[in-house]
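What follows is the content of entry.cif, which has mmCIF, C-alpha atoms:
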data_target
#
loop_
_atom_site.label_atom_id
_atom_site.label_comp_id
_atom_site.auth_asym_id
_atom_site.auth_seq_id
_atom_site.Cartn_x
_atom_site.Cartn_y
_atom_site.Cartn_z
CA MET A 1071 15.57 5.52 -25.29
CA ARG A 1072 13.07 6.59 -22.64
CA TRP A 1073 10.11 5.81 -24.95
CA LEU A 1074 11.46 2.31 -25.65
CA LEU A 1075 11.79 1.70 -21.93
CA LEU A 1076 8.30 3.07 -21.41
CA GLY A 1077 6.96 0.58 -23.99
CA LEU A 1078 8.62 -2.30 -22.19
CA ILE A 1079 7.13 -1.12 -18.90
CA LEU A 1080 3.61 -0.90 -20.37
CA ALA A 1081 3.70 -4.32 -22.06
CA GLY A 1082 5.21 -5.92 -18.97
CA ASN A 1083 2.64 -4.34 -16.64
CA ALA A 1084 -0.37 -5.34 -18.75
CA THR A 1085 0.81 -8.93 -19.14
CA ALA A 1086 1.67 -9.20 -15.46
CA ASP A 1087 -1.64 -7.84 -14.22
CA LEU A 1088 -3.70 -10.07 -16.51
CA LEU A 1089 -1.79 -13.16 -15.42
CA ASN A 1090 -1.93 -12.17 -11.74
CA ALA A 1091 -5.67 -11.50 -11.94
CA ALA A 1092 -6.29 -14.84 -13.66
CA GLY A 1093 -4.08 -16.60 -11.11
CA MET A 1094 -5.75 -15.05 -8.08
CA ARG A 1095 -9.20 -15.79 -9.48
CA ARG A 1096 -8.23 -19.47 -9.49
CA HIS A 1097 -6.53 -19.13 -6.12
CA GLY A 1098 -9.63 -17.93 -4.30
CA GLU A 1099 -10.32 -15.08 -1.92
CA VAL A 1100 -7.64 -14.14 0.61
CA ARG A 1101 -9.21 -13.25 3.95
CA GLU A 1102 -6.52 -13.33 6.62
CA PHE A 1103 -3.46 -11.12 6.82
CA ASN A 1104 -1.58 -12.21 9.92
CA PRO A 1105 2.10 -13.14 9.40
CA ARG A 1106 1.43 -16.90 9.16
CA ALA A 1107 -1.37 -16.42 6.64
CA VAL A 1108 0.83 -14.08 4.60
CA GLY A 1109 3.58 -16.73 4.67
CA ARG A 1110 1.10 -19.33 3.42
CA LEU A 1111 -0.09 -16.91 0.76
CA VAL A 1112 3.48 -16.45 -0.49
CA ALA A 1113 4.05 -20.22 -0.55
CA THR A 1114 0.82 -20.78 -2.44
CA VAL A 1115 1.19 -18.06 -5.06
CA LEU A 1116 4.76 -19.20 -5.76
CA ARG A 1117 3.23 -22.48 -6.98
CA ASN A 1118 0.65 -20.68 -9.10
CA ARG A 1119 1.76 -20.78 -12.77
CA PHE A 1120 -0.23 -17.69 -13.67
CA VAL A 1121 1.27 -15.63 -10.86
CA LEU A 1122 4.76 -16.93 -11.67
CA GLY A 1123 4.23 -15.81 -15.28
CA GLY A 1124 3.02 -12.47 -13.97
CA ILE A 1125 6.13 -12.12 -11.82
CA ALA A 1126 8.32 -12.84 -14.88
CA ALA A 1127 6.54 -10.09 -16.83
CA MET A 1128 6.84 -7.77 -13.82
CA THR A 1129 10.58 -8.43 -13.71
CA VAL A 1130 10.98 -7.15 -17.28
CA SER A 1131 8.88 -4.13 -16.39
CA PHE A 1132 10.78 -3.54 -13.14
CA PHE A 1133 14.25 -3.44 -14.67
CA SER A 1134 12.95 -1.21 -17.44
CA LEU A 1135 11.59 1.11 -14.74
CA LEU A 1136 14.92 1.14 -12.91
CA ALA A 1137 16.69 2.09 -16.13
CA LEU A 1138 14.07 4.75 -16.90
CA LEU A 1139 14.34 6.24 -13.41
CA SER A 1140 18.09 6.55 -13.89
CA ILE A 1141 17.66 8.81 -16.95
CA THR A 1142 14.45 10.74 -16.23
CA ASP A 1143 12.40 12.31 -13.42
CA LEU A 1144 10.21 10.28 -11.08
CA SER A 1145 7.33 12.60 -11.95
CA PHE A 1146 7.68 11.59 -15.63
CA ALA A 1147 8.50 7.92 -15.16
CA ILE A 1148 5.66 6.88 -12.89
CA PRO A 1149 2.69 8.87 -14.25
CA ALA A 1150 3.68 8.04 -17.86
CA THR A 1151 3.16 4.35 -17.13
CA ALA A 1152 -0.54 5.11 -16.50
CA ALA A 1153 -1.38 4.14 -20.11
CA THR A 1154 -1.37 0.58 -18.80
CA TYR A 1155 -4.76 1.25 -17.20
CA LEU A 1156 -6.49 1.87 -20.53
CA VAL A 1157 -5.12 -1.29 -22.10
CA GLU A 1158 -5.91 -3.36 -19.04
CA THR A 1159 -9.54 -2.23 -18.82
CA ALA A 1160 -10.12 -3.42 -22.40
CA LEU A 1161 -8.18 -6.65 -21.86
CA ALA A 1162 -10.06 -7.35 -18.62
CA ARG A 1163 -13.29 -7.25 -20.59
CA LEU A 1164 -12.00 -9.25 -23.57
CA ILE A 1165 -9.89 -11.87 -21.83
CA LEU A 1166 -11.08 -12.03 -18.22
CA LYS A 1167 -14.74 -11.49 -19.26
CA GLU A 1168 -15.30 -8.84 -16.59
CA ARG A 1169 -18.57 -6.91 -16.87
CA ILE A 1170 -17.54 -3.28 -17.06
CA GLU A 1171 -20.45 -0.99 -16.29
CA ARG A 1172 -20.84 2.55 -17.61
CA MET A 1173 -19.37 4.24 -14.54
CA ARG A 1174 -16.24 2.13 -14.84
CA TRP A 1175 -15.88 3.06 -18.51
CA ILE A 1176 -16.31 6.74 -17.63
CA GLY A 1177 -13.70 6.40 -14.93
CA ALA A 1178 -11.35 4.76 -17.42
CA ALA A 1179 -12.00 7.65 -19.83
CA PHE A 1180 -10.99 10.14 -17.13
CA VAL A 1181 -7.84 8.14 -16.59
CA ALA A 1182 -7.22 8.19 -20.37
CA ALA A 1183 -7.60 11.98 -20.45
CA GLY A 1184 -5.25 12.25 -17.52
CA VAL A 1185 -2.68 10.10 -19.30
CA ALA A 1186 -2.97 12.26 -22.43
CA LEU A 1187 -2.20 15.36 -20.36
CA LEU A 1188 0.72 13.64 -18.68
CA MET A 1189 2.20 12.76 -22.08
CA LEU A 1190 2.10 16.33 -23.43
CA MET B 1205 -18.83 -22.23 -3.25
CA GLN B 1206 -18.84 -19.29 -5.63
CA SER B 1207 -19.05 -15.64 -4.66
CA ALA B 1208 -19.76 -12.95 -7.26
CA VAL B 1209 -21.29 -10.65 -4.65
CA PRO B 1210 -19.56 -7.28 -4.33
CA ARG B 1211 -17.56 -7.17 -1.16
CA GLY B 1212 -16.56 -3.84 0.35
CA GLY B 1213 -15.71 -3.04 3.94
CA VAL B 1214 -12.64 -2.22 5.92
CA ARG B 1215 -10.39 -4.97 4.70
CA THR B 1216 -10.79 -4.11 1.05
CA SER B 1217 -10.18 -0.44 1.84
CA ALA B 1218 -7.14 -1.39 3.89
CA LEU B 1219 -5.79 -3.44 0.99
CA VAL B 1220 -6.31 -0.53 -1.39
CA ALA B 1221 -4.46 1.76 1.05
CA ALA B 1222 -1.63 -0.76 1.41
CA VAL B 1223 -1.22 -1.00 -2.36
CA VAL B 1224 -1.28 2.78 -2.81
CA LEU B 1225 1.07 3.64 0.07
CA GLY B 1226 3.39 0.77 -0.76
CA ASN B 1227 3.70 1.94 -4.35
CA VAL B 1228 4.23 5.58 -3.34
CA PHE B 1229 6.94 4.88 -0.76
CA GLY B 1230 8.49 2.02 -2.73
CA ASN B 1231 8.83 4.05 -5.91
CA PHE B 1232 10.09 7.07 -3.96
CA SER B 1233 12.76 4.94 -2.34
CA LEU B 1234 13.74 3.42 -5.69
CA SER B 1235 14.00 6.83 -7.29
CA GLN B 1236 16.14 8.10 -4.41
CA GLY B 1237 18.49 5.15 -4.86
CA MET B 1238 18.69 5.49 -8.63
CA ASN B 1239 19.46 9.19 -8.32
CA ASP B 1240 22.37 8.26 -6.05
CA LEU B 1241 23.69 5.80 -8.64
CA GLY B 1242 23.41 7.97 -11.75
CA ALA B 1243 22.65 6.76 -15.28
CA LEU B 1244 22.87 2.98 -15.39
CA LEU B 1245 22.44 2.74 -19.15
CA THR B 1246 26.09 3.68 -19.67
CA THR B 1247 27.51 1.19 -17.15
CA SER B 1248 28.12 -2.56 -17.15
CA LEU B 1249 25.75 -5.32 -16.04
CA PRO B 1250 27.70 -5.95 -12.78
CA ALA B 1251 27.40 -2.25 -11.98
CA PHE B 1252 23.68 -2.44 -12.70
CA LEU B 1253 23.27 -5.43 -10.38
CA ALA B 1254 25.37 -3.70 -7.74
CA GLY B 1255 22.78 -0.96 -7.77
CA ILE B 1256 20.31 -3.37 -6.22
CA LEU B 1257 22.52 -3.41 -3.11
CA ASN B 1258 21.94 0.31 -2.60
CA PRO B 1259 19.96 0.69 0.68
CA TRP B 1260 17.34 2.94 -0.91
CA VAL B 1261 16.84 0.47 -3.76
CA GLY B 1262 16.74 -2.48 -1.34
CA ALA B 1263 14.17 -0.77 0.89
CA GLY B 1264 12.12 0.18 -2.17
CA VAL B 1265 12.12 -3.40 -3.40
CA CYS B 1266 10.98 -4.72 0.03
CA VAL B 1267 8.12 -2.23 0.24
CA LEU B 1268 7.07 -2.96 -3.34
CA ILE B 1269 6.99 -6.70 -2.58
CA LEU B 1270 4.57 -6.04 0.31
CA ALA B 1271 2.48 -3.83 -1.96
CA PHE B 1272 2.45 -6.65 -4.52
CA LEU B 1273 1.14 -9.14 -1.96
CA ALA B 1274 -1.58 -6.66 -1.00
CA GLN B 1275 -2.45 -6.28 -4.69
CA LEU B 1276 -2.67 -10.05 -5.18
CA SER B 1277 -5.00 -10.25 -2.17
CA LEU B 1278 -7.09 -7.46 -3.65
CA LEU B 1279 -7.23 -9.25 -7.01
CA SER B 1280 -8.48 -12.37 -5.22
CA ARG B 1281 -11.69 -10.52 -4.34
CA ALA B 1282 -12.04 -7.78 -6.97
CA ASP B 1283 -11.97 -7.29 -10.75
CA LEU B 1284 -8.74 -6.25 -12.42
CA SER B 1285 -10.68 -3.42 -14.09
CA TYR B 1286 -11.62 -2.23 -10.59
CA VAL B 1287 -8.29 -2.75 -8.83
CA MET B 1288 -6.03 -1.00 -11.32
CA PRO B 1289 -7.87 2.34 -11.66
CA VAL B 1290 -8.68 2.54 -7.94
CA THR B 1291 -5.07 2.03 -6.93
CA SER B 1292 -3.90 4.56 -9.53
CA VAL B 1293 -4.29 7.33 -6.94
CA SER B 1294 -0.74 6.41 -6.01
CA TYR B 1295 0.25 8.78 -8.85
CA VAL B 1296 -0.83 11.71 -6.73
CA GLY B 1297 1.28 10.60 -3.80
CA THR B 1298 4.22 9.82 -6.08
CA ALA B 1299 4.07 13.25 -7.69
CA ILE B 1300 3.85 15.00 -4.33
CA MET B 1301 6.76 12.97 -2.94
CA GLY B 1302 8.82 13.79 -6.03
CA ARG B 1303 7.99 17.49 -5.74
CA VAL B 1304 8.54 17.82 -2.00
CA PHE B 1305 11.46 15.50 -1.34
CA LEU B 1306 13.27 15.26 -4.69
CA ASP B 1307 12.59 18.86 -5.79
CA GLU B 1308 11.30 17.66 -9.14
CA GLU B 1309 9.48 20.11 -11.38
CA ILE B 1310 5.83 19.27 -12.12
CA GLU B 1311 4.17 21.32 -14.84
CA LEU B 1312 0.59 22.49 -14.59
CA THR B 1313 -0.57 20.07 -17.33
CA ARG B 1314 0.89 17.15 -15.41
CA TRP B 1315 -0.97 18.22 -12.29
CA ALA B 1316 -4.16 18.40 -14.38
CA GLY B 1317 -3.49 14.90 -15.67
CA ILE B 1318 -2.94 13.60 -12.18
CA GLY B 1319 -6.20 15.28 -11.14
CA LEU B 1320 -8.15 13.58 -13.93
CA ILE B 1321 -6.66 10.21 -13.06
CA THR B 1322 -7.75 10.74 -9.47
CA ILE B 1323 -11.32 11.54 -10.54
CA GLY B 1324 -11.34 8.46 -12.78
CA ALA B 1325 -10.16 6.31 -9.91
CA ALA B 1326 -12.88 7.73 -7.67
CA LEU B 1327 -15.57 6.97 -10.27
CA VAL B 1328 -14.37 3.40 -10.68
CA GLY B 1329 -14.33 3.10 -6.89
CA ARG B 1330 -18.11 3.59 -6.95
CA THR B 1331 -18.64 0.50 -9.13
CA LYS B 1332 -19.10 -3.14 -8.15
CA LEU B 1333 -16.01 -4.70 -6.67
CA CYS B 1334 -16.39 -8.02 -8.45
CA THR B 1335 -18.39 -9.06 -11.54
CA THR B 1336 -16.87 -12.48 -12.12
CA PRO B 1337 -17.41 -15.75 -10.22
CA ARG B 1338 -14.57 -16.92 -8.01
CA LYS B 1339 -13.89 -19.10 -5.00
CA ALA B 1340 -15.10 -17.66 -1.70
CA ALA B 1341 -12.02 -18.79 0.19
CA GLN B 1342 -8.81 -20.74 -0.19
CA GLU B 1343 -6.45 -22.69 2.00
CA ALA B 1344 -3.84 -19.96 2.48
CA GLY B 1345 -5.61 -17.61 4.80
CA ALA B 1346 -9.22 -18.68 4.82
CA GLY B 1347 -9.23 -20.51 8.06
CA ARG B 1348 -11.24 -18.25 10.29
#

Just give me the structure as structure tokens.
Amino acid sequence: MRWLLLGLILAGNATADLLNAAGMRRHGEVREFNPRAVGRLVATVLRNRFVLGGIAAMTVSFFSLLALLSITDLSFAIPATAATYLVETALARLILKERIERMRWIGAAFVAAGVALLML
Amino acid sequence: MQSAVPRGGVRTSALVAAVVLGNVFGNFSLSQGMNDLGALLTTSLPAFLAGILNPWVGAGVCVLILAFLAQLSLLSRADLSYVMPVTSVSYVGTAIMGRVFLDEEIELTRWAGIGLITIGAALVGRTKLCTTPRKAAQEAGAGR
């Protein structure tokens, strides 16, 4: 059961982050962080279809995480979800057309190795 | 006006810190609450929803919402392939919180994995913040 929940968390996270990144790219750069600006940010992103889709995907991931935390350790549940980072680096290049330089790939490889150790 | 220029500085660092700390404390609080409740997979949906009313779970949700807003702000100025690895250092904090406060066992291989993830995050942190064109500012918070 914990591996099924982990799969749901990974798929939900990757979908959510791609949609959120696409949504915030269209939204434009956020520069102010006082309470009023944060309130306006919330109001604006709640009308952003990409971010709303991302929140829906996050909801699936969140409830899967809650269920996973109820049957396994925090130190398994959270680090095990790190596989999302590998998938997202590739998807960011393929879908979001980000230019991923060598250092970023090497960093992603370190993260991949770390995930492999966490899964042992 | 488009801005593909890498943008570093205090605010980006502060956003990274907010995402990391928010995730660490939010997940710790959630875990504390779920430990109090026991295994939800064997209970009914109402019991599952009632779990959200647990103070630890409620606090965790609030902190994670703030961390999410910080992450959205970060994504508005940086690549996804930059943001995700850089903020992954929250695993270190999460593991330490679990070990210290929840008395969870962390094997040596898991510590090694967490160490590698940290190095990976640091390497990505040395790369350009943003490689894609995007708006320089927007109406919700660009008024200065």

What residues in chain A lie within 6 Å of chain B, counting only C-alpha atoms, written as a PyMOL selection string? chain A and resi 1091+1094-1095+1098-1102+1107+1110-1111+1140-1141+1145+1149+1159+1168-1169+1174+1177-1178+1180-1181+1184+1187-1188

Under the PyMOL selection byres ((chain A and resi 1071) around 12), which residues of this model are included? Write them out as a short mmCIF file (atom, residue, chain, number, x, y, z; two decimals) with C-alpha atoms, keeping the file's coordinate frame.
data_model
loop_
_atom_site.label_atom_id
_atom_site.label_comp_id
_atom_site.auth_asym_id
_atom_site.auth_seq_id
_atom_site.Cartn_x
_atom_site.Cartn_y
_atom_site.Cartn_z
CA ARG A 1072 13.07 6.59 -22.64
CA TRP A 1073 10.11 5.81 -24.95
CA LEU A 1074 11.46 2.31 -25.65
CA LEU A 1075 11.79 1.70 -21.93
CA LEU A 1076 8.30 3.07 -21.41
CA GLY A 1077 6.96 0.58 -23.99
CA LEU A 1078 8.62 -2.30 -22.19
CA SER A 1134 12.95 -1.21 -17.44
CA ALA A 1137 16.69 2.09 -16.13
CA LEU A 1138 14.07 4.75 -16.90
CA LEU A 1139 14.34 6.24 -13.41
CA SER A 1140 18.09 6.55 -13.89
CA ILE A 1141 17.66 8.81 -16.95
CA THR A 1142 14.45 10.74 -16.23
CA LEU B 1245 22.44 2.74 -19.15
#

Contacts of Asn1227 in chain B at 8 Å or less, counting all atoms listed in the file, minus same-chain residues fewer than 3 places along, as an NGL selection string? :B and (1223-1224 or 1230-1231 or 1267-1268 or 1271 or 1294)

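CA of Leu1166 in chain A is positioned 14.5 Å from CA of Leu1333 in chain B.
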
Distance of CA of Asn1118 in chain A from CA of Val1157 in chain A, expressed in Å to one decimal place: 24.0 Å

Here is a test: counting all atoms listed in the file, which residue of A:Leu1116, A:Ala1092, A:Leu1161, A:Leu1156 is nearest to Ala1182 in chain A? A:Leu1156

Axis-aligned box for range 1231-1241 of chain B, 8 Å per side, centre and edges in Å as JSON:
{"center_x": 16.3, "center_y": 6.3, "center_z": -5.5, "size_x": 30.9, "size_y": 21.8, "size_z": 22.3}

Between B:Val1220, B:Val1293, B:Asp1307, B:Phe1229, which is the closest to Gly1264 in chain B once you count all atoms listed in the file? B:Phe1229

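Atom pair CA of Ser1217 in chain B / CA of Ala1113 in chain A has a distance of 24.5 Å (rounded to one decimal).
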
Which residue out of A:Val1108, A:Met1128, A:Ala1162, A:Leu1136 has the minimum interatomic distance to Leu1088 in chain A when all atoms listed in the file are used? A:Ala1162

N, CA and C atoms are needed for range 1228-1240 of chain B; please write them out as a PDB file, in the coordinates of the input.
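Now in part-v1.pdb:
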ATOM      1  N   VAL B1228       3.690   4.218  -3.479  1.00  0.00           N
ATOM      2  CA  VAL B1228       4.230   5.580  -3.340  1.00  0.00           C
ATOM      3  C   VAL B1228       5.608   5.534  -2.664  1.00  0.00           C
ATOM      4  N   PHE B1229       5.675   4.892  -1.505  1.00  0.00           N
ATOM      5  CA  PHE B1229       6.940   4.880  -0.760  1.00  0.00           C
ATOM      6  C   PHE B1229       7.980   3.987  -1.436  1.00  0.00           C
ATOM      7  N   GLY B1230       7.543   2.892  -2.031  1.00  0.00           N
ATOM      8  CA  GLY B1230       8.490   2.020  -2.730  1.00  0.00           C
ATOM      9  C   GLY B1230       9.116   2.700  -3.928  1.00  0.00           C
ATOM     10  N   ASN B1231       8.305   3.364  -4.729  1.00  0.00           N
ATOM     11  CA  ASN B1231       8.830   4.050  -5.910  1.00  0.00           C
ATOM     12  C   ASN B1231       9.681   5.263  -5.519  1.00  0.00           C
ATOM     13  N   PHE B1232       9.280   5.943  -4.434  1.00  0.00           N
ATOM     14  CA  PHE B1232      10.090   7.070  -3.960  1.00  0.00           C
ATOM     15  C   PHE B1232      11.472   6.584  -3.540  1.00  0.00           C
ATOM     16  N   SER B1233      11.491   5.486  -2.798  1.00  0.00           N
ATOM     17  CA  SER B1233      12.760   4.940  -2.340  1.00  0.00           C
ATOM     18  C   SER B1233      13.629   4.488  -3.515  1.00  0.00           C
ATOM     19  N   LEU B1234      13.001   3.838  -4.493  1.00  0.00           N
ATOM     20  CA  LEU B1234      13.740   3.420  -5.690  1.00  0.00           C
ATOM     21  C   LEU B1234      14.335   4.622  -6.412  1.00  0.00           C
ATOM     22  N   SER B1235      13.530   5.651  -6.574  1.00  0.00           N
ATOM     23  CA  SER B1235      14.000   6.830  -7.290  1.00  0.00           C
ATOM     24  C   SER B1235      15.171   7.477  -6.559  1.00  0.00           C
ATOM     25  N   GLN B1236      15.053   7.535  -5.228  1.00  0.00           N
ATOM     26  CA  GLN B1236      16.140   8.100  -4.410  1.00  0.00           C
ATOM     27  C   GLN B1236      17.424   7.315  -4.653  1.00  0.00           C
ATOM     28  N   GLY B1237      17.314   5.994  -4.647  1.00  0.00           N
ATOM     29  CA  GLY B1237      18.490   5.150  -4.860  1.00  0.00           C
ATOM     30  C   GLY B1237      19.060   5.300  -6.254  1.00  0.00           C
ATOM     31  N   MET B1238      18.200   5.370  -7.261  1.00  0.00           N
ATOM     32  CA  MET B1238      18.690   5.490  -8.630  1.00  0.00           C
ATOM     33  C   MET B1238      19.325   6.848  -8.881  1.00  0.00           C
ATOM     34  N   ASN B1239      18.819   7.875  -8.204  1.00  0.00           N
ATOM     35  CA  ASN B1239      19.460   9.190  -8.320  1.00  0.00           C
ATOM     36  C   ASN B1239      20.870   9.146  -7.748  1.00  0.00           C
ATOM     37  N   ASP B1240      21.038   8.405  -6.652  1.00  0.00           N
ATOM     38  CA  ASP B1240      22.370   8.260  -6.050  1.00  0.00           C
ATOM     39  C   ASP B1240      23.339   7.582  -7.019  1.00  0.00           C
TER      40      ASP B1240
END
